[in-house]
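Enquirer: Here's a structure for you.
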Amino acid sequence: MNDYALSRTVAAGLVGLSPYAYAIFRSHKKVIGSWGDLSSKEGFIIHLLRQEYGTFQLAPSWGLGGSVSLESFARRLIAYLKMFQDDTFQAGCPLISISFLVVVAEKDGKVFPVILSYICYTLFINVLGNLPFTALHMNVLSRMWLQSSVVGYALAGAGASRTCGKIKNKYVRGSVLAALLAAPVYRAKKNFRRLDRSGTTVHGTYAKDLLGQLPRNSLLLLSGDENCNLGPSKPSRRPEYFYLR
């Protein structure tokens, strides 16, 4: 790796860490509902290592977190691969395999670290994602899978590109390319209404009903995501509350 490539890699890493700089800046504002106190060195380290939840695990052992075992890891990994295959119309893993074989055959040192990072992160998150196997908690874990899937989609696209390049007939190649372009459009259209929550008022109604019953100068103690999300509603509803999360 030459100096230019190394400097770009370091710069990309720093850009990825830049949200922490913003979090330190915002922590001095004491924003309601914020997670941790990053205004001190000790608080920043606690936040960076997720010590309240347990470093290098998704859930704390004193809460919902379970122990890490080969069986639970395999179960989570299979669930991830099934989701990835469903999202890519069962073509994702074969196309990634094509990308990997091409990289090995051509000894492409630029792409190999991407494949390696994809494999490592996919294994890493499913080893340490120690949440229960309920529908709710698997949905939480699936949000972590998306970070891995972004790279997986790119590698699958590279495999699809290589595959199309081997098709000699231009009409067949054009049909395959059209199908590949139509696939994400179809997926987005199919899921848009299910994912659209712009008209949802559940949290607002819940906050209004709950907070409206409390007397003035109340001490409000909240626990859990559903209740803690009432925090942003507090200033506009009842500004005299003392809010403790």
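Labels used: A, B, ... for chains in the order of the structure tokens, numbers from 1 for residues in each chain, and numbers from 1 for ligands as shown.
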Neighbours of Ala183 of chain A within 9 Å (only C-alpha atoms; same-chain residues fewer than 5 positions away dropped), as a list in words?
Expert: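 So the residues in contact are Thr88, Phe89, Ala178 and Ala188 of chain A.
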Enquirer: Using only C-alpha atoms, which residues of segment 72-95 of chain A come within 9 Å of segment 154-157 of chain A, and what is the closest atom pair for each, with the distance in Å to one decimal? Give it as CSV, sorted by chain and residue number.
Expert:
residue,atom,partner,partner_atom,distance
A:Thr88,CA,A:Ala156,CA,8.7
A:Ala91,CA,A:Ala156,CA,8.0
A:Gly92,CA,A:Ala156,CA,5.5
A:Cys93,CA,A:Ala156,CA,7.3
A:Pro94,CA,A:Ala156,CA,7.9
A:Leu95,CA,A:Ala156,CA,4.7
Enquirer: State, in Å with one decimal place, the distance from atom CA of Gly129 of chain A to atom CA of Gln57 of chain A.
Expert: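 Between atom CA of Gly129 of chain A and atom CA of Gln57 of chain A the gap is 6.0 Å.
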Enquirer: Using only C-alpha atoms, which protein or nucleic acid residues come within 12 Å of Ala59 of chain A? Drop anything in the same chain fewer than 4 positions from it, and give the result as a PyMOL selection string.
Expert: chain A and resi 50-55+63-68+125+128-132+137+140-141
Enquirer: For the selection you just gave me, I'd like the residues written to a file as a PDB file, in the first residue's frame, keeping N, CA and C atoms.
Expert:
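Saved to part_17.pdb:
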ATOM      1  N   ARG A  50     -19.367   1.175  25.698  1.00  0.00           N
ATOM      2  CA  ARG A  50     -20.713   0.698  26.037  1.00  0.00           C
ATOM      3  C   ARG A  50     -20.704  -0.066  27.351  1.00  0.00           C
ATOM      4  N   GLN A  51     -20.044   0.485  28.358  1.00  0.00           N
ATOM      5  CA  GLN A  51     -19.882  -0.244  29.603  1.00  0.00           C
ATOM      6  C   GLN A  51     -21.197  -0.449  30.349  1.00  0.00           C
ATOM      7  N   GLU A  52     -22.181   0.457  30.131  1.00  0.00           N
ATOM      8  CA  GLU A  52     -23.470   0.244  30.792  1.00  0.00           C
ATOM      9  C   GLU A  52     -24.171  -1.008  30.271  1.00  0.00           C
ATOM     10  N   TYR A  53     -23.967  -1.298  28.994  1.00  0.00           N
ATOM     11  CA  TYR A  53     -24.591  -2.476  28.394  1.00  0.00           C
ATOM     12  C   TYR A  53     -23.659  -3.681  28.384  1.00  0.00           C
ATOM     13  N   GLY A  54     -22.399  -3.443  28.625  1.00  0.00           N
ATOM     14  CA  GLY A  54     -21.425  -4.511  28.540  1.00  0.00           C
ATOM     15  C   GLY A  54     -20.593  -4.370  27.276  1.00  0.00           C
ATOM     16  N   THR A  55     -19.299  -4.230  27.442  1.00  0.00           N
ATOM     17  CA  THR A  55     -18.419  -4.053  26.293  1.00  0.00           C
ATOM     18  C   THR A  55     -18.420  -5.304  25.425  1.00  0.00           C
ATOM     19  N   GLY A  63     -29.286  -8.069  32.305  1.00  0.00           N
ATOM     20  CA  GLY A  63     -30.577  -7.740  31.711  1.00  0.00           C
ATOM     21  C   GLY A  63     -31.093  -8.879  30.858  1.00  0.00           C
ATOM     22  N   LEU A  64     -31.283  -8.599  29.588  1.00  0.00           N
ATOM     23  CA  LEU A  64     -31.821  -9.596  28.674  1.00  0.00           C
ATOM     24  C   LEU A  64     -30.745 -10.474  28.060  1.00  0.00           C
ATOM     25  N   GLY A  65     -29.501 -10.066  28.207  1.00  0.00           N
ATOM     26  CA  GLY A  65     -28.423 -10.757  27.515  1.00  0.00           C
ATOM     27  C   GLY A  65     -28.242 -12.188  27.970  1.00  0.00           C
ATOM     28  N   GLY A  66     -28.065 -13.079  27.005  1.00  0.00           N
ATOM     29  CA  GLY A  66     -27.800 -14.470  27.312  1.00  0.00           C
ATOM     30  C   GLY A  66     -26.334 -14.792  27.093  1.00  0.00           C
ATOM     31  N   SER A  67     -25.964 -16.008  27.423  1.00  0.00           N
ATOM     32  CA  SER A  67     -24.586 -16.431  27.241  1.00  0.00           C
ATOM     33  C   SER A  67     -24.326 -16.738  25.772  1.00  0.00           C
ATOM     34  N   VAL A  68     -23.069 -16.603  25.372  1.00  0.00           N
ATOM     35  CA  VAL A  68     -22.672 -16.885  23.994  1.00  0.00           C
ATOM     36  C   VAL A  68     -22.353 -18.369  23.863  1.00  0.00           C
ATOM     37  N   ILE A 125     -20.779  -9.826  14.859  1.00  0.00           N
ATOM     38  CA  ILE A 125     -22.046  -9.337  15.389  1.00  0.00           C
ATOM     39  C   ILE A 125     -22.957 -10.485  15.789  1.00  0.00           C
ATOM     40  N   LEU A 128     -21.643 -11.917  19.264  1.00  0.00           N
ATOM     41  CA  LEU A 128     -21.849 -11.060  20.427  1.00  0.00           C
ATOM     42  C   LEU A 128     -23.257 -10.484  20.519  1.00  0.00           C
ATOM     43  N   GLY A 129     -24.108 -10.734  19.525  1.00  0.00           N
ATOM     44  CA  GLY A 129     -25.489 -10.241  19.585  1.00  0.00           C
ATOM     45  C   GLY A 129     -26.345 -11.136  20.455  1.00  0.00           C
ATOM     46  N   ASN A 130     -26.130 -11.069  21.770  1.00  0.00           N
ATOM     47  CA  ASN A 130     -26.697 -12.042  22.708  1.00  0.00           C
ATOM     48  C   ASN A 130     -28.102 -11.681  23.183  1.00  0.00           C
ATOM     49  N   LEU A 131     -28.988 -11.341  22.247  1.00  0.00           N
ATOM     50  CA  LEU A 131     -30.374 -11.042  22.588  1.00  0.00           C
ATOM     51  C   LEU A 131     -31.225 -12.310  22.537  1.00  0.00           C
ATOM     52  N   PRO A 132     -32.356 -12.314  23.249  1.00  0.00           N
ATOM     53  CA  PRO A 132     -33.264 -13.477  23.162  1.00  0.00           C
ATOM     54  C   PRO A 132     -33.814 -13.637  21.745  1.00  0.00           C
ATOM     55  N   HIS A 137     -36.806  -8.858  19.723  1.00  0.00           N
ATOM     56  CA  HIS A 137     -35.361  -8.725  19.870  1.00  0.00           C
ATOM     57  C   HIS A 137     -34.605  -9.144  18.613  1.00  0.00           C
ATOM     58  N   VAL A 140     -34.480  -6.080  16.620  1.00  0.00           N
ATOM     59  CA  VAL A 140     -33.408  -5.211  17.091  1.00  0.00           C
ATOM     60  C   VAL A 140     -32.074  -5.671  16.507  1.00  0.00           C
ATOM     61  N   LEU A 141     -31.831  -6.970  16.544  1.00  0.00           N
ATOM     62  CA  LEU A 141     -30.575  -7.506  16.007  1.00  0.00           C
ATOM     63  C   LEU A 141     -30.479  -7.273  14.508  1.00  0.00           C
TER      64      LEU A 141
END
Enquirer: Go through segment 106-204 of chain A and flag each residue having an atom no more than 12 Å from segment 1-9 of chain A; for those, report the closest pair of atoms plus their distance in Å to one decimal, using only C-alpha atoms, ordered by chain and rising number, as a Markdown table.
Expert:
| residue | atom | partner | partner_atom | distance |
| --- | --- | --- | --- | --- |
| A:Gly109 | CA | A:Met1 | CA | 9.3 |
| A:Lys110 | CA | A:Met1 | CA | 9.2 |
| A:Pro113 | CA | A:Thr9 | CA | 11.7 |
Enquirer: Measuring atom to atom with only C-alpha atoms, identify which of A:Ile115, A:Leu17, A:Leu38, A:Cys120 is nearest to Val102 of chain A.
Expert: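 Residue with the minimum atom-to-atom distance to Val102 of chain A: A:Ile115.
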Enquirer: Run DSSP on the backbone and give me the residues of segment 3-243 of chain A it puts in helix (DSSP H, G or I), as a PDB file with C-alpha atoms, in the first residue's frame.
Expert:
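Just written: part.pdb:
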ATOM      1  CA  ASP A   3       1.360   6.544   1.027  1.00  0.00           C
ATOM      2  CA  TYR A   4      -1.569   7.980  -0.920  1.00  0.00           C
ATOM      3  CA  ALA A   5      -3.727   4.895  -0.416  1.00  0.00           C
ATOM      4  CA  LEU A   6      -2.759   4.760   3.266  1.00  0.00           C
ATOM      5  CA  SER A   7      -3.654   8.416   3.808  1.00  0.00           C
ATOM      6  CA  ARG A   8      -7.051   7.914   2.154  1.00  0.00           C
ATOM      7  CA  THR A   9      -7.713   4.884   4.346  1.00  0.00           C
ATOM      8  CA  VAL A  10      -6.815   6.812   7.508  1.00  0.00           C
ATOM      9  CA  ALA A  11      -8.957   9.763   6.390  1.00  0.00           C
ATOM     10  CA  ALA A  12     -11.922   7.461   5.775  1.00  0.00           C
ATOM     11  CA  GLY A  13     -11.501   5.997   9.264  1.00  0.00           C
ATOM     12  CA  LEU A  14     -11.441   9.470  10.828  1.00  0.00           C
ATOM     13  CA  VAL A  15     -14.590  10.452   8.955  1.00  0.00           C
ATOM     14  CA  GLY A  16     -16.241   7.332  10.328  1.00  0.00           C
ATOM     15  CA  LEU A  17     -15.309   8.378  13.868  1.00  0.00           C
ATOM     16  CA  SER A  18     -16.441  11.991  13.397  1.00  0.00           C
ATOM     17  CA  PRO A  19     -19.881  11.446  15.021  1.00  0.00           C
ATOM     18  CA  TYR A  20     -18.055  10.989  18.311  1.00  0.00           C
ATOM     19  CA  ALA A  21     -16.646  14.515  17.977  1.00  0.00           C
ATOM     20  CA  TYR A  22     -20.178  15.837  17.486  1.00  0.00           C
ATOM     21  CA  ALA A  23     -21.414  13.781  20.449  1.00  0.00           C
ATOM     22  CA  ILE A  24     -18.756  15.352  22.687  1.00  0.00           C
ATOM     23  CA  PHE A  25     -19.814  18.805  21.505  1.00  0.00           C
ATOM     24  CA  ARG A  26     -23.505  18.124  22.108  1.00  0.00           C
ATOM     25  CA  SER A  27     -22.920  16.556  25.533  1.00  0.00           C
ATOM     26  CA  LYS A  41     -12.681  11.640  29.656  1.00  0.00           C
ATOM     27  CA  GLU A  42     -14.126   8.940  31.907  1.00  0.00           C
ATOM     28  CA  GLY A  43     -17.631   9.457  30.544  1.00  0.00           C
ATOM     29  CA  PHE A  44     -16.388   9.299  26.972  1.00  0.00           C
ATOM     30  CA  ILE A  45     -14.591   5.993  27.593  1.00  0.00           C
ATOM     31  CA  ILE A  46     -17.708   4.539  29.250  1.00  0.00           C
ATOM     32  CA  HIS A  47     -19.783   5.593  26.245  1.00  0.00           C
ATOM     33  CA  LEU A  48     -17.237   4.389  23.667  1.00  0.00           C
ATOM     34  CA  LEU A  70     -22.058 -22.164  19.370  1.00  0.00           C
ATOM     35  CA  GLU A  71     -25.743 -23.089  19.084  1.00  0.00           C
ATOM     36  CA  SER A  72     -27.007 -19.520  19.581  1.00  0.00           C
ATOM     37  CA  PHE A  73     -24.342 -18.169  17.207  1.00  0.00           C
ATOM     38  CA  ALA A  74     -25.315 -20.651  14.493  1.00  0.00           C
ATOM     39  CA  ARG A  75     -28.991 -19.815  14.964  1.00  0.00           C
ATOM     40  CA  ARG A  76     -28.376 -16.080  14.589  1.00  0.00           C
ATOM     41  CA  LEU A  77     -26.055 -16.562  11.611  1.00  0.00           C
ATOM     42  CA  ILE A  78     -28.610 -18.733   9.806  1.00  0.00           C
ATOM     43  CA  ALA A  79     -31.310 -16.124  10.489  1.00  0.00           C
ATOM     44  CA  TYR A  80     -29.058 -13.404   9.036  1.00  0.00           C
ATOM     45  CA  LEU A  81     -28.241 -15.405   5.913  1.00  0.00           C
ATOM     46  CA  LYS A  82     -31.927 -16.178   5.395  1.00  0.00           C
ATOM     47  CA  MET A  83     -32.786 -12.472   5.638  1.00  0.00           C
ATOM     48  CA  PHE A  84     -29.963 -11.555   3.254  1.00  0.00           C
ATOM     49  CA  GLN A  85     -31.042 -14.204   0.760  1.00  0.00           C
ATOM     50  CA  ASP A  86     -34.674 -13.109   0.944  1.00  0.00           C
ATOM     51  CA  ASP A  87     -33.664  -9.481   0.357  1.00  0.00           C
ATOM     52  CA  GLY A  92     -26.932 -12.737  -2.777  1.00  0.00           C
ATOM     53  CA  CYS A  93     -24.691 -15.495  -1.404  1.00  0.00           C
ATOM     54  CA  PRO A  94     -23.962 -17.081  -4.824  1.00  0.00           C
ATOM     55  CA  LEU A  95     -23.043 -13.669  -6.249  1.00  0.00           C
ATOM     56  CA  ILE A  96     -20.774 -12.915  -3.263  1.00  0.00           C
ATOM     57  CA  SER A  97     -19.103 -16.282  -3.844  1.00  0.00           C
ATOM     58  CA  ILE A  98     -18.445 -15.277  -7.462  1.00  0.00           C
ATOM     59  CA  SER A  99     -16.871 -12.009  -6.258  1.00  0.00           C
ATOM     60  CA  PHE A 100     -14.670 -13.920  -3.836  1.00  0.00           C
ATOM     61  CA  LEU A 101     -13.522 -16.418  -6.475  1.00  0.00           C
ATOM     62  CA  VAL A 102     -12.710 -13.604  -8.907  1.00  0.00           C
ATOM     63  CA  VAL A 103     -10.692 -11.746  -6.259  1.00  0.00           C
ATOM     64  CA  VAL A 104      -8.733 -14.902  -5.413  1.00  0.00           C
ATOM     65  CA  ALA A 105      -8.131 -15.736  -9.079  1.00  0.00           C
ATOM     66  CA  GLU A 106      -7.005 -12.210  -9.956  1.00  0.00           C
ATOM     67  CA  PHE A 112      -9.816  -8.688  -0.520  1.00  0.00           C
ATOM     68  CA  PRO A 113      -9.827  -6.527   2.676  1.00  0.00           C
ATOM     69  CA  VAL A 114     -13.453  -5.583   1.925  1.00  0.00           C
ATOM     70  CA  ILE A 115     -14.449  -9.251   1.718  1.00  0.00           C
ATOM     71  CA  LEU A 116     -12.461 -10.042   4.840  1.00  0.00           C
ATOM     72  CA  SER A 117     -14.088  -7.198   6.786  1.00  0.00           C
ATOM     73  CA  TYR A 118     -17.529  -8.370   5.637  1.00  0.00           C
ATOM     74  CA  ILE A 119     -16.894 -11.907   6.847  1.00  0.00           C
ATOM     75  CA  CYS A 120     -15.367 -10.759  10.151  1.00  0.00           C
ATOM     76  CA  TYR A 121     -18.146  -8.310  10.980  1.00  0.00           C
ATOM     77  CA  THR A 122     -20.879 -10.810  10.060  1.00  0.00           C
ATOM     78  CA  LEU A 123     -19.353 -13.400  12.371  1.00  0.00           C
ATOM     79  CA  PHE A 124     -18.549 -10.824  15.065  1.00  0.00           C
ATOM     80  CA  ILE A 125     -22.046  -9.337  15.389  1.00  0.00           C
ATOM     81  CA  ASN A 126     -23.702 -12.752  15.470  1.00  0.00           C
ATOM     82  CA  VAL A 127     -21.324 -14.039  18.127  1.00  0.00           C
ATOM     83  CA  LEU A 128     -21.849 -11.060  20.427  1.00  0.00           C
ATOM     84  CA  ALA A 135     -39.607 -11.471  17.339  1.00  0.00           C
ATOM     85  CA  LEU A 136     -38.999  -8.097  19.019  1.00  0.00           C
ATOM     86  CA  HIS A 137     -35.361  -8.725  19.870  1.00  0.00           C
ATOM     87  CA  MET A 138     -34.561 -10.354  16.539  1.00  0.00           C
ATOM     88  CA  ASN A 139     -35.851  -7.162  14.911  1.00  0.00           C
ATOM     89  CA  VAL A 140     -33.408  -5.211  17.091  1.00  0.00           C
ATOM     90  CA  LEU A 141     -30.575  -7.506  16.007  1.00  0.00           C
ATOM     91  CA  SER A 142     -31.588  -7.144  12.360  1.00  0.00           C
ATOM     92  CA  ARG A 143     -30.751  -3.428  12.608  1.00  0.00           C
ATOM     93  CA  MET A 144     -27.156  -4.472  13.348  1.00  0.00           C
ATOM     94  CA  TRP A 145     -27.209  -6.871  10.398  1.00  0.00           C
ATOM     95  CA  LEU A 146     -27.865  -3.992   8.012  1.00  0.00           C
ATOM     96  CA  GLN A 147     -24.327  -2.685   8.526  1.00  0.00           C
ATOM     97  CA  SER A 148     -22.986  -6.009   7.285  1.00  0.00           C
ATOM     98  CA  SER A 149     -25.571  -6.270   4.515  1.00  0.00           C
ATOM     99  CA  VAL A 150     -24.509  -2.951   2.954  1.00  0.00           C
ATOM    100  CA  VAL A 151     -21.124  -4.486   2.151  1.00  0.00           C
ATOM    101  CA  GLY A 152     -22.805  -7.743   1.156  1.00  0.00           C
ATOM    102  CA  TYR A 153     -25.001  -5.935  -1.370  1.00  0.00           C
ATOM    103  CA  ALA A 154     -21.939  -4.243  -2.887  1.00  0.00           C
ATOM    104  CA  LEU A 155     -20.103  -7.559  -3.206  1.00  0.00           C
ATOM    105  CA  ALA A 156     -23.196  -9.202  -4.690  1.00  0.00           C
ATOM    106  CA  GLY A 157     -23.379  -6.349  -7.197  1.00  0.00           C
ATOM    107  CA  ALA A 158     -19.751  -6.914  -8.123  1.00  0.00           C
ATOM    108  CA  GLY A 159     -20.487 -10.603  -8.643  1.00  0.00           C
ATOM    109  CA  ALA A 160     -23.501  -9.751 -10.787  1.00  0.00           C
ATOM    110  CA  SER A 161     -21.380  -7.390 -12.882  1.00  0.00           C
ATOM    111  CA  ARG A 162     -18.787 -10.082 -13.460  1.00  0.00           C
ATOM    112  CA  THR A 163     -21.492 -12.587 -14.375  1.00  0.00           C
ATOM    113  CA  CYS A 164     -23.101 -10.210 -16.874  1.00  0.00           C
ATOM    114  CA  GLY A 165     -19.726  -9.537 -18.423  1.00  0.00           C
ATOM    115  CA  LYS A 170     -26.284  -8.749 -25.875  1.00  0.00           C
ATOM    116  CA  TYR A 171     -30.043  -9.343 -25.630  1.00  0.00           C
ATOM    117  CA  VAL A 172     -29.650 -11.858 -22.818  1.00  0.00           C
ATOM    118  CA  ARG A 173     -27.143  -9.579 -21.106  1.00  0.00           C
ATOM    119  CA  GLY A 174     -29.519  -6.627 -21.405  1.00  0.00           C
ATOM    120  CA  SER A 175     -32.378  -8.672 -19.953  1.00  0.00           C
ATOM    121  CA  VAL A 176     -30.257  -9.734 -16.980  1.00  0.00           C
ATOM    122  CA  LEU A 177     -29.153  -6.150 -16.344  1.00  0.00           C
ATOM    123  CA  ALA A 178     -32.755  -4.945 -16.522  1.00  0.00           C
ATOM    124  CA  ALA A 179     -33.789  -7.590 -13.994  1.00  0.00           C
ATOM    125  CA  LEU A 180     -30.945  -6.588 -11.663  1.00  0.00           C
ATOM    126  CA  LEU A 181     -31.972  -2.923 -11.832  1.00  0.00           C
ATOM    127  CA  ALA A 182     -35.650  -3.748 -11.349  1.00  0.00           C
ATOM    128  CA  ALA A 183     -35.053  -5.917  -8.267  1.00  0.00           C
ATOM    129  CA  PRO A 184     -34.249  -3.112  -5.761  1.00  0.00           C
ATOM    130  CA  VAL A 185     -37.018  -0.927  -7.214  1.00  0.00           C
ATOM    131  CA  TYR A 186     -39.518  -3.741  -6.709  1.00  0.00           C
ATOM    132  CA  ARG A 187     -38.262  -4.335  -3.155  1.00  0.00           C
ATOM    133  CA  ALA A 188     -38.499  -0.648  -2.234  1.00  0.00           C
ATOM    134  CA  LYS A 189     -41.993  -0.316  -3.691  1.00  0.00           C
ATOM    135  CA  LYS A 190     -43.191  -3.443  -1.921  1.00  0.00           C
ATOM    136  CA  ASN A 191     -41.892  -2.364   1.494  1.00  0.00           C
ATOM    137  CA  PHE A 192     -42.549   1.378   1.320  1.00  0.00           C
ATOM    138  CA  ARG A 193     -46.006   1.369   2.834  1.00  0.00           C
ATOM    139  CA  ARG A 194     -45.030  -1.111   5.516  1.00  0.00           C
ATOM    140  CA  LEU A 195     -42.031   0.991   6.529  1.00  0.00           C
ATOM    141  CA  VAL A 202     -48.870   6.443  18.868  1.00  0.00           C
ATOM    142  CA  HIS A 203     -46.010   7.981  20.876  1.00  0.00           C
ATOM    143  CA  GLY A 204     -47.492  11.461  20.786  1.00  0.00           C
ATOM    144  CA  THR A 205     -50.889  10.251  21.993  1.00  0.00           C
ATOM    145  CA  TYR A 206     -49.305   8.081  24.676  1.00  0.00           C
ATOM    146  CA  ALA A 207     -47.176  10.990  25.920  1.00  0.00           C
ATOM    147  CA  LYS A 208     -50.148  13.334  26.016  1.00  0.00           C
ATOM    148  CA  ASP A 209     -52.352  10.856  27.890  1.00  0.00           C
ATOM    149  CA  LEU A 210     -49.679   9.904  30.434  1.00  0.00           C
ATOM    150  CA  LEU A 211     -48.122  13.293  31.109  1.00  0.00           C
ATOM    151  CA  ASP A 225     -37.353   2.665  25.195  1.00  0.00           C
ATOM    152  CA  GLU A 226     -41.118   3.077  24.934  1.00  0.00           C
ATOM    153  CA  ASN A 227     -41.321   5.293  28.008  1.00  0.00           C
ATOM    154  CA  CYS A 228     -37.999   7.096  27.579  1.00  0.00           C
ATOM    155  CA  GLY A 231     -38.654  12.745  26.814  1.00  0.00           C
ATOM    156  CA  PRO A 232     -38.753  14.792  23.605  1.00  0.00           C
ATOM    157  CA  SER A 233     -42.466  15.379  24.192  1.00  0.00           C
ATOM    158  CA  LYS A 234     -41.923  16.776  27.693  1.00  0.00           C
ATOM    159  CA  PRO A 235     -40.856  20.373  26.978  1.00  0.00           C
ATOM    160  CA  SER A 236     -43.842  21.060  24.756  1.00  0.00           C
ATOM    161  CA  ARG A 237     -46.326  19.334  27.049  1.00  0.00           C
TER     162      ARG A 237
END
Enquirer: Atom CA of Gln90 of chain A and atom CA of Lys107 of chain A, how far apart in Å?
Expert: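 It comes out at 27.3 Å.
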Enquirer: Quote the spacing between atom CA of Asp37 of chain A and atom CA of Leu49 of chain A in Å to one decimal place.
Expert: 13.1 Å
